[in-house]
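**Student:** To be precise about what I am sending: the file is called final_30.csv and holds CSV, C-alpha atoms.
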```csv
chain,number,residue,atom,x,y,z
A,1,MET,CA,218.8,37.1,115.7
A,2,ASN,CA,220.5,40.5,115.6
A,3,ILE,CA,223.4,41.4,118.0
A,4,LYS,CA,225.9,44.1,118.2
A,5,LEU,CA,229.4,42.7,118.1
A,6,ASN,CA,232.4,45.0,118.6
A,7,GLY,CA,230.2,47.9,117.8
A,8,GLU,CA,228.8,46.4,114.6
A,9,GLN,CA,225.4,44.9,113.8
A,10,ARG,CA,225.5,41.2,113.1
A,11,VAL,CA,222.9,38.7,112.1
A,12,ILE,CA,223.5,35.3,113.7
A,13,ALA,CA,221.6,32.3,112.4
A,14,ALA,CA,220.5,31.1,115.8
A,15,ASN,CA,218.1,32.1,118.5
A,16,GLN,CA,220.8,32.0,121.2
A,17,ILE,CA,224.5,31.2,121.3
A,18,SER,CA,227.0,30.8,124.1
A,19,ILE,CA,230.1,33.0,124.4
A,20,ASN,CA,232.2,30.1,123.4
A,21,GLU,CA,230.1,29.3,120.4
A,22,LEU,CA,230.2,33.0,119.4
A,23,LEU,CA,234.0,33.0,119.6
A,24,ALA,CA,234.1,30.0,117.4
A,25,TYR,CA,231.5,31.4,115.0
A,26,GLU,CA,233.6,34.5,114.6
A,27,ASN,CA,236.7,32.4,113.9
A,28,VAL,CA,238.6,33.8,116.9
A,29,SER,CA,241.7,31.7,116.7
A,30,GLN,CA,243.0,32.4,120.2
A,31,PRO,CA,240.0,32.9,122.5
A,32,GLU,CA,242.4,32.9,125.4
A,33,MET,CA,243.6,36.2,124.2
A,34,VAL,CA,240.1,37.7,124.4
A,35,SER,CA,238.3,39.3,127.4
A,36,VAL,CA,234.5,39.4,126.8
A,37,GLN,CA,231.9,41.9,127.8
A,38,LYS,CA,228.2,41.4,127.4
A,39,ASN,CA,225.9,44.5,127.6
A,40,GLY,CA,228.8,46.3,129.3
A,41,GLU,CA,229.3,43.6,132.0
A,42,PHE,CA,232.6,41.7,132.3
A,43,VAL,CA,232.0,37.9,131.7
A,44,ASN,CA,234.1,35.4,133.6
A,45,ARG,CA,236.0,33.0,131.4
A,46,SER,CA,234.5,30.1,133.4
A,47,ASP,CA,231.0,31.3,132.3
A,48,PHE,CA,231.8,31.4,128.5
A,49,GLU,CA,229.9,28.1,128.1
A,50,SER,CA,226.9,28.9,130.2
A,51,ILE,CA,226.3,32.6,129.4
A,52,LEU,CA,224.0,32.9,126.4
A,53,VAL,CA,223.9,35.7,123.9
A,54,ILE,CA,220.4,36.5,122.7
A,55,ASP,CA,218.7,38.9,120.3
A,56,GLY,CA,219.6,42.5,121.0
A,57,ASP,CA,222.7,41.8,123.1
A,58,GLU,CA,225.8,43.9,122.7
A,59,VAL,CA,229.1,41.9,122.9
A,60,ASP,CA,232.6,43.2,122.9
A,61,PHE,CA,235.7,41.1,122.4
A,62,LEU,CA,238.6,42.9,124.1
A,63,TYR,CA,242.1,41.7,123.0
A,64,PHE,CA,245.2,41.6,125.0
A,65,MET,CA,247.8,43.9,123.5
A,66,GLY,CA,251.4,44.3,124.6
A,67,GLY,CA,253.6,46.2,122.2
A,68,GLY,CA,255.5,49.3,123.0
A,69,GLN,CA,259.1,48.6,123.9
A,70,ASN,CA,260.4,45.8,121.8
A,71,SER,CA,261.4,42.4,122.9
A,72,GLU,CA,263.9,41.5,120.2
A,73,SER,CA,267.0,42.5,122.1
A,74,LYS,CA,265.8,40.5,125.1
A,75,MET,CA,265.2,37.4,122.9
A,76,SER,CA,268.6,37.5,121.5
A,77,LYS,CA,270.3,37.9,124.8
B,78,MET,CA,257.2,79.9,141.1
B,79,ASP,CA,256.8,82.2,138.1
B,80,LEU,CA,257.4,81.6,134.5
B,81,THR,CA,260.3,83.6,132.9
B,82,GLU,CA,259.7,85.7,129.9
B,83,GLU,CA,261.5,83.1,127.8
B,84,GLN,CA,259.2,80.4,129.2
B,85,ILE,CA,256.1,82.5,128.5
B,86,GLN,CA,257.3,82.6,124.9
B,87,ARG,CA,258.2,79.0,124.7
B,88,TYR,CA,254.8,77.9,126.0
B,89,SER,CA,252.8,80.6,124.4
B,90,ARG,CA,250.7,78.2,122.3
B,91,HIS,CA,249.7,76.5,125.6
B,92,ILE,CA,249.1,79.7,127.4
B,93,LEU,CA,246.8,80.9,124.6
B,94,LEU,CA,244.5,78.0,125.3
B,95,LYS,CA,241.6,79.1,127.5
B,96,ASP,CA,241.7,75.8,129.4
B,97,VAL,CA,245.4,75.9,130.0
B,98,GLY,CA,246.6,79.4,130.3
B,99,TYR,CA,249.4,80.6,132.6
B,100,GLU,CA,248.1,78.7,135.6
B,101,GLY,CA,247.8,75.5,133.5
B,102,GLN,CA,251.4,75.9,132.3
B,103,LEU,CA,252.5,76.4,135.9
B,104,LYS,CA,250.8,73.1,136.8
B,105,ILE,CA,252.7,71.4,133.9
B,106,ALA,CA,255.9,72.9,135.1
B,107,ASN,CA,255.3,71.4,138.5
B,108,GLY,CA,254.1,68.1,137.1
B,109,LYS,CA,256.0,64.8,137.6
B,110,VAL,CA,255.5,62.0,135.1
B,111,LEU,CA,257.1,58.6,135.2
B,112,ILE,CA,257.5,56.8,131.8
B,113,ILE,CA,258.0,53.1,132.2
B,114,GLY,CA,259.7,51.7,129.1
B,115,ALA,CA,261.6,54.1,126.7
B,116,GLY,CA,260.4,52.2,123.7
B,117,GLY,CA,257.7,52.6,121.0
B,118,LEU,CA,255.1,54.2,123.4
B,119,GLY,CA,257.5,55.9,125.8
B,120,ALA,CA,259.5,57.6,123.1
B,121,PRO,CA,256.8,59.8,121.6
B,122,ALA,CA,255.3,60.3,125.0
B,123,ALA,CA,258.6,61.5,126.4
B,124,LEU,CA,259.2,63.9,123.4
B,125,TYR,CA,255.8,65.6,123.7
B,126,LEU,CA,255.9,65.8,127.5
B,127,ALA,CA,259.4,67.3,127.3
B,128,ALA,CA,258.3,69.9,124.7
B,129,ALA,CA,255.2,70.7,126.9
B,130,GLY,CA,257.5,71.6,129.8
B,131,VAL,CA,256.6,68.8,132.3
B,132,GLY,CA,258.8,69.7,135.3
B,133,THR,CA,260.1,66.2,136.1
B,134,ILE,CA,260.1,63.3,133.7
B,135,GLY,CA,261.3,59.9,135.1
B,136,ILE,CA,262.3,57.2,132.6
B,137,ILE,CA,262.9,53.6,133.6
B,138,ASP,CA,264.2,51.0,131.3
B,139,ALA,CA,267.1,48.5,131.6
B,140,ASP,CA,267.5,48.0,127.8
B,141,VAL,CA,270.0,49.4,125.4
B,142,VAL,CA,269.1,50.8,121.9
B,143,ASP,CA,269.0,48.2,119.2
B,144,ILE,CA,268.8,48.6,115.5
B,145,THR,CA,265.3,47.0,115.4
B,146,ASN,CA,264.1,49.8,117.8
B,147,LEU,CA,264.7,52.6,115.4
B,148,GLN,CA,261.7,51.9,113.1
B,149,ARG,CA,259.3,53.3,115.8
B,150,GLN,CA,261.2,54.4,119.0
B,151,VAL,CA,261.7,57.9,117.7
B,152,ILE,CA,263.6,59.3,120.7
B,153,HIS,CA,266.5,57.1,119.8
B,154,HIS,CA,268.8,57.8,116.8
B,155,THR,CA,271.1,55.6,114.7
B,156,SER,CA,274.1,56.9,116.6
B,157,ASP,CA,272.5,55.7,119.9
B,158,ILE,CA,272.7,52.0,119.1
B,159,GLY,CA,274.3,50.2,122.0
B,160,ILE,CA,273.8,52.8,124.7
B,161,PRO,CA,271.2,52.6,127.4
B,162,LYS,CA,267.8,53.7,126.3
B,163,VAL,CA,267.3,55.9,129.4
B,164,HIS,CA,270.5,57.8,128.6
B,165,SER,CA,269.6,58.2,124.9
B,166,ALA,CA,266.1,59.5,125.9
B,167,ALA,CA,267.4,61.8,128.7
B,168,GLN,CA,269.8,63.4,126.2
B,169,LYS,CA,267.0,64.2,123.7
B,170,ILE,CA,264.7,65.5,126.4
B,171,LYS,CA,267.4,68.0,127.6
B,172,GLU,CA,268.1,69.0,124.0
B,173,ILE,CA,264.4,69.7,123.4
B,174,ASN,CA,263.8,71.5,126.7
B,175,PRO,CA,266.5,72.3,129.3
B,176,ASP,CA,263.7,73.2,131.7
B,177,VAL,CA,262.9,69.6,132.3
B,178,HIS,CA,264.4,67.8,135.2
B,179,VAL,CA,265.1,64.2,133.9
B,180,ARG,CA,265.5,61.3,136.3
B,181,THR,CA,266.7,58.0,134.8
B,182,TYR,CA,266.5,54.5,136.2
B,183,HIS,CA,268.6,52.0,134.3
B,184,GLU,CA,266.8,49.0,135.6
B,185,TRP,CA,263.5,47.2,135.1
B,186,PHE,CA,260.4,48.3,137.0
B,187,SER,CA,260.1,45.5,139.6
B,188,PRO,CA,258.0,44.5,142.6
B,189,GLU,CA,261.0,45.5,144.7
B,190,ASN,CA,261.5,49.1,143.3
B,191,ALA,CA,257.9,49.9,142.1
B,192,LEU,CA,256.3,51.6,145.1
B,193,LYS,CA,259.5,53.5,146.0
B,194,ILE,CA,259.8,55.0,142.5
B,195,LEU,CA,256.1,55.7,142.1
B,196,ALA,CA,256.0,57.7,145.3
B,197,ASP,CA,257.9,60.6,143.5
B,198,TYR,CA,255.4,61.0,140.6
B,199,ASP,CA,251.9,62.2,139.9
B,200,PHE,CA,251.1,60.2,136.7
B,201,VAL,CA,252.5,57.1,135.1
B,202,ILE,CA,252.7,56.1,131.5
B,203,ASP,CA,252.8,52.4,130.8
B,204,GLY,CA,255.1,52.1,127.7
B,205,THR,CA,256.0,48.4,128.3
B,206,ASP,CA,255.7,45.6,125.9
B,207,ASN,CA,255.0,42.6,128.1
B,208,PHE,CA,252.2,41.4,130.3
B,209,PRO,CA,254.1,40.8,133.5
B,210,ALA,CA,255.1,44.5,133.5
B,211,LYS,CA,251.6,45.7,132.5
B,212,PHE,CA,250.0,43.8,135.4
B,213,LEU,CA,252.8,45.0,137.8
B,214,ILE,CA,252.3,48.6,136.8
B,215,ASN,CA,248.5,48.2,137.3
B,216,ASP,CA,248.8,46.6,140.7
B,217,ALA,CA,251.4,49.0,141.9
B,218,CYS,CA,249.5,52.1,140.8
B,219,VAL,CA,246.3,50.7,142.4
B,220,MET,CA,248.1,50.1,145.6
B,221,ALA,CA,249.9,53.5,145.5
B,222,LYS,CA,246.7,55.3,144.4
B,223,LYS,CA,248.5,56.7,141.3
B,224,ALA,CA,246.9,57.5,138.0
B,225,PHE,CA,248.3,55.8,135.0
B,226,SER,CA,247.8,55.4,131.2
B,227,HIS,CA,247.7,51.9,129.9
B,228,GLY,CA,248.8,51.3,126.3
B,229,GLY,CA,249.1,48.3,124.0
B,230,ILE,CA,249.9,48.0,120.3
B,231,LEU,CA,250.0,45.0,118.0
B,232,ARG,CA,250.3,44.9,114.2
B,233,PHE,CA,247.9,47.6,113.1
B,234,ASP,CA,245.9,47.9,116.4
B,235,GLY,CA,246.2,49.9,119.5
B,236,GLN,CA,244.3,50.2,122.8
B,237,THR,CA,244.5,52.5,125.8
B,238,PHE,CA,242.7,53.6,128.9
B,239,THR,CA,243.4,55.8,131.9
B,240,TYR,CA,243.2,54.7,135.5
B,241,VAL,CA,242.6,57.0,138.4
B,242,PRO,CA,241.9,55.7,141.9
B,243,GLY,CA,238.3,54.4,142.0
B,244,SER,CA,238.0,53.8,138.2
B,245,ALA,CA,238.2,50.4,136.4
B,246,CYS,CA,241.7,49.0,136.4
B,247,TYR,CA,243.5,46.7,134.0
B,248,ARG,CA,242.6,43.6,136.0
B,249,CYS,CA,238.9,44.6,135.9
B,250,ILE,CA,239.1,44.1,132.1
B,251,PHE,CA,241.8,41.5,131.9
B,252,PRO,CA,241.9,39.6,135.3
B,253,THR,CA,245.0,37.5,134.6
B,254,PRO,CA,247.8,37.5,131.9
B,255,PRO,CA,247.1,35.4,128.9
B,256,PRO,CA,248.7,31.9,128.6
B,257,LYS,CA,252.3,32.4,128.0
B,258,ASP,CA,252.7,30.4,124.9
B,259,LEU,CA,250.0,32.3,123.1
B,260,VAL,CA,251.3,35.8,123.5
B,261,PRO,CA,252.6,37.4,120.3
B,262,THR,CA,255.1,40.2,120.8
B,263,CYS,CA,256.1,43.0,118.4
B,264,SER,CA,259.1,40.9,117.5
B,265,GLN,CA,256.9,37.9,116.5
B,266,ALA,CA,253.8,39.7,115.2
B,267,GLY,CA,255.2,43.0,114.0
B,268,VAL,CA,253.8,46.4,114.4
B,269,LEU,CA,253.4,49.4,112.1
B,270,GLY,CA,255.8,52.0,113.6
B,271,SER,CA,253.6,55.0,113.4
B,272,ILE,CA,251.0,53.3,115.5
B,273,ALA,CA,253.3,53.6,118.5
B,274,GLY,CA,253.3,57.3,117.8
B,275,MET,CA,249.5,57.4,117.7
B,276,LEU,CA,249.2,55.7,121.0
B,277,GLY,CA,252.1,57.3,122.8
B,278,THR,CA,250.8,60.8,122.0
B,279,ILE,CA,247.3,59.8,123.3
B,280,GLN,CA,249.0,58.7,126.5
B,281,ALA,CA,251.0,62.0,126.7
B,282,THR,CA,247.7,63.9,126.2
B,283,GLU,CA,246.1,62.1,129.1
B,284,ALA,CA,249.1,62.9,131.3
B,285,LEU,CA,248.8,66.6,130.4
B,286,LYS,CA,245.0,66.6,131.0
B,287,TYR,CA,245.5,65.0,134.4
B,288,ILE,CA,248.2,67.4,135.4
B,289,ILE,CA,246.3,70.5,134.3
B,290,GLY,CA,242.9,69.1,135.5
B,291,ILE,CA,240.9,69.5,132.3
B,292,GLY,CA,238.6,67.5,130.1
B,293,ASP,CA,237.4,64.0,130.6
B,294,LEU,CA,240.0,61.4,131.1
B,295,LEU,CA,239.8,58.0,129.3
B,296,THR,CA,238.6,56.4,132.5
B,297,ASN,CA,236.0,53.5,132.5
B,298,ARG,CA,236.5,53.4,128.8
B,299,LEU,CA,238.8,51.4,126.6
B,300,LEU,CA,239.8,53.2,123.4
B,301,ILE,CA,240.5,50.7,120.6
B,302,PHE,CA,241.7,51.6,117.2
B,303,ASN,CA,242.6,49.9,114.0
B,304,ALA,CA,244.9,51.8,111.7
B,305,LEU,CA,243.9,49.9,108.5
B,306,SER,CA,240.3,50.9,108.8
B,307,MET,CA,241.2,54.0,110.8
B,308,GLN,CA,238.3,53.3,113.0
B,309,PHE,CA,238.4,54.5,116.6
B,310,ARG,CA,236.0,53.0,119.2
B,311,THR,CA,235.6,53.5,122.9
B,312,VAL,CA,234.1,50.6,124.8
B,313,PRO,CA,232.6,51.4,128.2
B,314,VAL,CA,234.2,49.3,130.9
B,315,LYS,CA,233.3,49.0,134.6
B,316,LYS,CA,235.1,48.6,137.8
B,317,ASN,CA,234.7,45.0,138.8
B,318,ASP,CA,233.8,44.5,142.4
B,319,ASN,CA,235.4,41.1,142.3
B,320,CYS,CA,238.7,42.5,140.9
B,321,ALA,CA,241.7,40.8,142.5
B,322,VAL,CA,243.5,44.1,143.1
B,323,CYS,CA,240.9,46.9,143.2
B,324,GLY,CA,237.8,45.0,144.2
B,325,SER,CA,236.1,45.1,147.6
B,326,SER,CA,238.1,42.2,149.0
B,327,PRO,CA,241.3,42.1,147.0
B,328,ALA,CA,243.3,38.8,146.8
B,329,ILE,CA,246.4,40.6,145.7
B,330,THR,CA,247.9,42.6,148.5
B,331,GLN,CA,251.6,42.3,147.6
B,332,LEU,CA,253.4,43.0,144.3
B,333,VAL,CA,254.5,40.0,142.3
B,334,LEU,CA,255.8,39.6,138.8
B,335,GLU,CA,253.3,37.3,136.8
B,336,LYS,CA,255.0,34.5,134.9
B,337,GLN,CA,255.2,35.0,131.1
B,338,ASN,CA,257.0,34.1,127.9
B,339,ALA,CA,260.5,32.7,128.1
B,340,CYS,CA,261.5,35.2,125.5
B,341,GLU,CA,260.3,38.0,127.7
B,342,LEU,CA,262.0,37.0,130.8
B,343,ARG,CA,264.5,39.4,132.0
```
So, in terms of structure tokens, how does the structure I just supplied come out?
**Tutor:**
Amino acid sequence: MNIKLNGEQRVIAANQISINELLAYENVSQPEMVSVQKNGEFVNRSDFESILVIDGDEVDFLYFMGGGQNSESKMSK
Amino acid sequence: MDLTEEQIQRYSRHILLKDVGYEGQLKIANGKVLIIGAGGLGAPAALYLAAAGVGTIGIIDADVVDITNLQRQVIHHTSDIGIPKVHSAAQKIKEINPDVHVRTYHEWFSPENALKILADYDFVIDGTDNFPAKFLINDACVMAKKAFSHGGILRFDGQTFTYVPGSACYRCIFPTPPPKDLVPTCSQAGVLGSIAGMLGTIQATEALKYIIGIGDLLTNRLLIFNALSMQFRTVPVKKNDNCAVCGSSPAITQLVLEKQNACELR
């Protein structure tokens, strides 16, 4: 099936795949750091197993990002 | 209030812009922006907002300048090591533009001081590095009905969106902070210094657009970029009716600091 993942076309060797399976398939090492949208709708983490991605779906992995002000000085204190 | 002859000269490149003009520059001169965190994002944002002539710039940060800051926190100079970031930043702002009224808060933005400080500003820039602060800024701005710009950077990536009352908030996209032991910070993961400039100047631009009232703000869209591929992408995001802070029946009605990494505890 063909899906759009993070804005790019992907061919997945399956007819359907759960969000959890897609995260594993894409080698996302820390799925807890990812928020997922399917076809523009937010997906609850508790539904990652049950919600299925099918042909034509658009999925976005949105990553937590901190950054900005540094933490080094706080760590060393 | 009128602009002086000198101010008309100073801001002539703004005034020349059809969408800004004299009236727009007056709005900037009357604008009040709070910058939370005088670090990688807050530094470039503060420099450009000062140069633009924003009437009041508030800066809140309890930290002091450290040698590891200088790679990206461009408002601080080598000679500033050891002094409070808010004092270092205020001094540079006054040197760039004496028109700006600078208010400094040498403390952390907290559930206790958040709403009182926000009340004095039109727009807020999230220049913090940690998730408890990011969630607090979001929740406080939703409760106080204040517009803010979210910013996050890591390694070679950046992301930002703008909140205005009624648009998708940070919790609509990220309902709760990530597990504390998984969070890489700049100090653990690293960050290319110039990325902070790319993102901080986008945040400053959103602040100016909001104050002047022009263009389309980055609302209901998350801008994501990767500097290695130099690809920019905007992902549409929606206000979540079940959102714990901005949804129809919010569970969060009081400000609290979410728990996070031991290394990020203040």
**Student:** For CA of Gln84 (chain B) and CA of Ile289 (chain B), quote the distance in Å rounded to one decimal.
**Tutor:**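 Interatomic distance, CA of Gln84 (chain B) to CA of Ile289 (chain B): 17.0 Å.
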**Student:** Pick the closest to chain B from A:Val43, A:Val28, A:Met33, A:Ile17: which is it, counting only C-alpha atoms?
**Tutor:** A:Met33
**Student:** Work out how far CA of Ala245 (chain B) is from CA of Asn317 (chain B), in Å to one decimal.
**Tutor:**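 Pair CA of Asn317 (chain B) / CA of Ala245 (chain B) returns 6.9 Å.
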**Student:** Distance cut-off 7 Å, counting all atoms listed in the file - which residues of chain B neighbour chain A? Return them as an MDAnalysis selection string.
**Tutor:** chainID B and resid 114:118 143 146 204:208 229:231 250:251 255 262:264 273 313:314 340:341
**Student:** Kindly indicate which residue among B:Ile134, B:Ala167, B:Leu276, B:Leu103 lies nearest to Ser226 (chain B), using all atoms listed in the file for the distances.
**Tutor:**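 Among the listed residues, B:Leu276 lies closest to Ser226 (chain B).
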**Student:** Would you please work out which residue, of B:Ser187, B:Ser325, B:Thr239, B:Ser156, is nearest to Ile137 (chain B) when using all atoms listed in the file?
**Tutor:**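 Using all atoms listed in the file, Ile137 (chain B) sits closest to B:Ser187.
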**Student:** Pull N, CA, C and O atoms for region 36-61 of chain A from the block and write them as a CSV table (one decimal), in the first residue's frame.
**Tutor:**
```
chain,number,residue,atom,x,y,z
A,36,VAL,N,1.3,11.5,17.2
A,36,VAL,CA,0.9,11.0,15.9
A,36,VAL,C,-0.4,11.6,15.4
A,36,VAL,O,-1.3,11.7,16.2
A,37,GLN,N,-0.4,12.0,14.1
A,37,GLN,CA,-1.6,12.5,13.5
A,37,GLN,C,-1.8,11.6,12.3
A,37,GLN,O,-0.9,11.2,11.5
A,38,LYS,N,-3.1,11.2,12.1
A,38,LYS,CA,-3.5,10.4,10.9
A,38,LYS,C,-4.6,11.3,10.2
A,38,LYS,O,-5.6,11.6,10.8
A,39,ASN,N,-4.3,11.5,8.9
A,39,ASN,CA,-5.2,12.3,8.1
A,39,ASN,C,-5.6,13.6,8.8
A,39,ASN,O,-6.8,14.0,8.8
A,40,GLY,N,-4.6,14.2,9.5
A,40,GLY,CA,-4.9,15.5,10.1
A,40,GLY,C,-5.5,15.5,11.5
A,40,GLY,O,-5.8,16.5,12.1
A,41,GLU,N,-5.8,14.2,11.9
A,41,GLU,CA,-6.5,14.1,13.3
A,41,GLU,C,-5.5,13.5,14.3
A,41,GLU,O,-4.8,12.6,14.0
A,42,PHE,N,-5.5,14.1,15.4
A,42,PHE,CA,-4.7,13.6,16.5
A,42,PHE,C,-5.1,12.2,16.9
A,42,PHE,O,-6.3,11.9,17.1
A,43,VAL,N,-4.1,11.3,17.1
A,43,VAL,CA,-4.4,10.0,17.6
A,43,VAL,C,-3.9,9.8,19.0
A,43,VAL,O,-2.8,10.1,19.4
A,44,ASN,N,-4.9,9.4,19.9
A,44,ASN,CA,-4.5,9.1,21.3
A,44,ASN,C,-3.5,8.0,21.4
A,44,ASN,O,-3.6,7.0,20.6
A,45,ARG,N,-2.6,8.1,22.3
A,45,ARG,CA,-1.5,7.1,22.4
A,45,ARG,C,-2.2,5.7,22.8
A,45,ARG,O,-1.7,4.7,22.3
A,46,SER,N,-3.3,5.8,23.5
A,46,SER,CA,-3.9,4.5,23.9
A,46,SER,C,-4.6,3.8,22.7
A,46,SER,O,-4.9,2.6,22.7
A,47,ASP,N,-4.6,4.5,21.5
A,47,ASP,CA,-5.2,3.9,20.3
A,47,ASP,C,-4.2,3.5,19.3
A,47,ASP,O,-4.5,3.1,18.2
A,48,PHE,N,-2.9,3.6,19.7
A,48,PHE,CA,-1.8,3.3,18.7
A,48,PHE,C,-1.9,1.8,18.3
A,48,PHE,O,-1.4,1.5,17.2
A,49,GLU,N,-2.4,0.9,19.1
A,49,GLU,CA,-2.5,-0.5,18.7
A,49,GLU,C,-3.7,-0.7,17.8
A,49,GLU,O,-3.7,-1.5,16.9
A,50,SER,N,-4.8,0.0,18.2
A,50,SER,CA,-6.1,-0.4,17.5
A,50,SER,C,-6.3,0.4,16.2
A,50,SER,O,-7.0,-0.1,15.3
A,51,ILE,N,-5.7,1.6,16.1
A,51,ILE,CA,-6.0,2.4,14.9
A,51,ILE,C,-5.1,1.9,13.7
A,51,ILE,O,-3.9,1.7,13.9
A,52,LEU,N,-5.7,1.6,12.6
A,52,LEU,CA,-5.0,1.1,11.5
A,52,LEU,C,-4.8,2.1,10.4
A,52,LEU,O,-5.6,2.9,10.1
A,53,VAL,N,-3.6,2.0,9.8
A,53,VAL,CA,-3.2,2.9,8.7
A,53,VAL,C,-3.5,2.0,7.4
A,53,VAL,O,-3.0,0.9,7.3
A,54,ILE,N,-4.2,2.6,6.5
A,54,ILE,CA,-4.5,1.9,5.2
A,54,ILE,C,-4.0,2.7,4.0
A,54,ILE,O,-3.6,3.9,4.2
A,55,ASP,N,-4.1,2.1,2.9
A,55,ASP,CA,-3.7,2.7,1.6
A,55,ASP,C,-4.3,4.1,1.5
A,55,ASP,O,-5.5,4.3,1.7
A,56,GLY,N,-3.4,5.1,1.2
A,56,GLY,CA,-3.9,6.4,0.9
A,56,GLY,C,-3.8,7.3,2.2
A,56,GLY,O,-4.1,8.5,2.0
A,57,ASP,N,-3.6,6.7,3.3
A,57,ASP,CA,-3.6,7.6,4.6
A,57,ASP,C,-2.3,8.5,4.6
A,57,ASP,O,-1.3,8.2,4.0
A,58,GLU,N,-2.5,9.6,5.3
A,58,GLU,CA,-1.4,10.5,5.6
A,58,GLU,C,-1.1,10.5,7.1
A,58,GLU,O,-2.0,10.7,7.9
A,59,VAL,N,0.1,10.1,7.4
A,59,VAL,CA,0.5,10.0,8.8
A,59,VAL,C,1.7,11.0,9.1
A,59,VAL,O,2.6,11.1,8.3
A,60,ASP,N,1.6,11.7,10.2
A,60,ASP,CA,2.7,12.5,10.6
A,60,ASP,C,3.2,12.2,12.0
A,60,ASP,O,2.4,12.0,12.9
A,61,PHE,N,4.5,12.0,12.1
A,61,PHE,CA,5.1,11.8,13.4
A,61,PHE,C,5.6,13.2,13.9
A,61,PHE,O,6.5,13.7,13.2
```
